[in-house]
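Asker: Just dropping this structure here.
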Amino acid sequence: MKITIEDIDSASMRPIGHSQLPSYVVRFRSVPFSGVARLVPAYDEPTDCLGLDIGVEITQGSVTDFRVIGLPAIVGADALDTPGSFKVCGILESQSPPSDTGESRYAFIAVGEASFCLSEQEMGGMWPEPESIVSFVAHDVTLWDEAL
């Protein structure tokens, strides 16, 4: 997903991920949705991101209120009052194949050009059919610069 960084709080640095990369609280805008999230930039100086359009991958710390919903539905994501949380409505675009080893399965939820990857556990053990319309709340959303 392409985003534009509108504001970045360089004092909010917190290491994140397996490699403990620096992340910062940002206000961003994009075609699918806008709001506040954490950004893991590819730049050494976080303020170098200000005003830039960058491609990002999306992750979330947790998911609540997962549901399969019927039509009609408006696909999109809305920022909630809690920074980094979004109410998401999207289309289940694809799924990982079943595993003989019992590994987690994943589904990819499209919201315009944005894509959320949810585990079967995050979906409450549900496994909707492709093209299903689903909704959920994504908490602690992090945007990872694709240039990393």
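Residue names in the structure tokens use chain letters A, B, ... in the order shown, residue numbers from 1 in each chain, and ligand numbers from 1 in the order shown.
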Report as a Markdown table: every residue of stretch 41-139 of chain A with an atom at most 9 Å from stretch 27-33 of chain A, its closest pair of atoms, and their distance in Å to one decimal, counting only C-alpha atoms, with rows sorted by chain and ascending residue number.

Answerer:
| residue | atom | partner | partner_atom | distance |
| --- | --- | --- | --- | --- |
| A:Val75 | CA | A:Pro32 | CA | 8.9 |
| A:Gly76 | CA | A:Pro32 | CA | 6.2 |
| A:Ala77 | CA | A:Phe33 | CA | 5.6 |
| A:Asp78 | CA | A:Phe33 | CA | 6.5 |
| A:Ala79 | CA | A:Phe33 | CA | 7.8 |
| A:Val111 | CA | A:Pro32 | CA | 6.4 |
| A:Gly112 | CA | A:Pro32 | CA | 5.5 |
| A:Glu113 | CA | A:Pro32 | CA | 6.7 |
| A:Ala114 | CA | A:Pro32 | CA | 6.5 |

Asker: Write out as number ranges by chain each polymer residue whose atoms come within 12 Å of stretch 9-25 of chain A, counting only C-alpha atoms; drop sequence neighbours fewer than 4 positions from it.

Answerer: A: 5, 35-50, 59-61, 83-84, 140-145, 148

Asker: If you count only C-alpha atoms, which residues fall within 9 Å of stretch 132-136 of chain A, apart from same-chain ones fewer than 6 positions away, as a count of residues only?

Answerer: 21

Asker: Any idea what the distance is between atom CA of A:Leu80 and atom CA of A:Pro130?

Answerer: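 Value for the atom CA of A:Leu80-atom CA of A:Pro130 distance: 26.9 Å.
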
Asker: At what distance in Å, to one decimal, does atom CA of A:Asp100 lie from atom CA of A:Leu118?

Answerer: 19.5 Å

Asker: When distances are computed from only C-alpha atoms, which of A:Phe116, A:Gly125, A:Glu146, A:His139 shows the smallest separation from A:Ile3?

Answerer: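 Among the listed residues, the smallest separation from A:Ile3 belongs to A:Glu146.
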
Asker: Taking only stretch 41-106 of chain A into account, list the residues labelled strand (DSSP E) by DSSP (computed from the backbone), as a PDB file with C-alpha atoms, in the first residue's frame.

Answerer:
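part15.pdb was written with the following content:
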ATOM      1  CA  ASP A  53       5.028   8.662  -0.438  1.00  0.00           C
ATOM      2  CA  ILE A  54       6.277   5.196   0.492  1.00  0.00           C
ATOM      3  CA  GLY A  55       5.122   1.634  -0.049  1.00  0.00           C
ATOM      4  CA  VAL A  56       4.381  -0.299   3.140  1.00  0.00           C
ATOM      5  CA  GLU A  57       3.315  -3.739   4.336  1.00  0.00           C
ATOM      6  CA  ILE A  58       0.748  -3.871   7.160  1.00  0.00           C
ATOM      7  CA  THR A  59       0.876  -5.927  10.356  1.00  0.00           C
ATOM      8  CA  SER A  62      -4.021  -8.283  17.524  1.00  0.00           C
ATOM      9  CA  VAL A  63      -7.468  -8.677  15.991  1.00  0.00           C
ATOM     10  CA  THR A  64     -10.842  -8.568  17.740  1.00  0.00           C
ATOM     11  CA  ASP A  65     -14.464  -8.780  16.663  1.00  0.00           C
ATOM     12  CA  PHE A  66     -13.809 -10.890  13.530  1.00  0.00           C
ATOM     13  CA  ARG A  67     -17.003 -11.598  11.594  1.00  0.00           C
ATOM     14  CA  VAL A  68     -18.120 -12.781   8.192  1.00  0.00           C
ATOM     15  CA  ILE A  69     -20.712 -10.317   6.978  1.00  0.00           C
ATOM     16  CA  GLY A  76     -12.746   0.196   3.843  1.00  0.00           C
ATOM     17  CA  ALA A  77     -10.993   0.928   7.107  1.00  0.00           C
ATOM     18  CA  ASP A  78     -11.806   3.604   9.635  1.00  0.00           C
ATOM     19  CA  ALA A  79      -9.460   4.915  12.315  1.00  0.00           C
ATOM     20  CA  PHE A  86      -8.838   0.490  12.770  1.00  0.00           C
ATOM     21  CA  LYS A  87     -12.258  -0.995  12.038  1.00  0.00           C
ATOM     22  CA  VAL A  88     -11.694  -2.960   8.825  1.00  0.00           C
ATOM     23  CA  CYS A  89     -14.160  -4.330   6.273  1.00  0.00           C
ATOM     24  CA  GLY A  90     -12.551  -6.222   3.400  1.00  0.00           C
ATOM     25  CA  ILE A  91     -12.689  -9.102   0.967  1.00  0.00           C
ATOM     26  CA  LEU A  92     -10.964 -12.387   1.740  1.00  0.00           C
ATOM     27  CA  GLU A  93      -8.708 -12.410  -1.302  1.00  0.00           C
ATOM     28  CA  SER A  94      -6.610 -15.552  -0.799  1.00  0.00           C
ATOM     29  CA  GLN A  95      -5.639 -18.195   1.752  1.00  0.00           C
ATOM     30  CA  TYR A 106      -3.376 -17.441   6.953  1.00  0.00           C
TER      31      TYR A 106
END

Asker: In Å, how far is it from atom CA of A:Gln121 to atom CA of A:Ser104?

Answerer: 7.9 Å
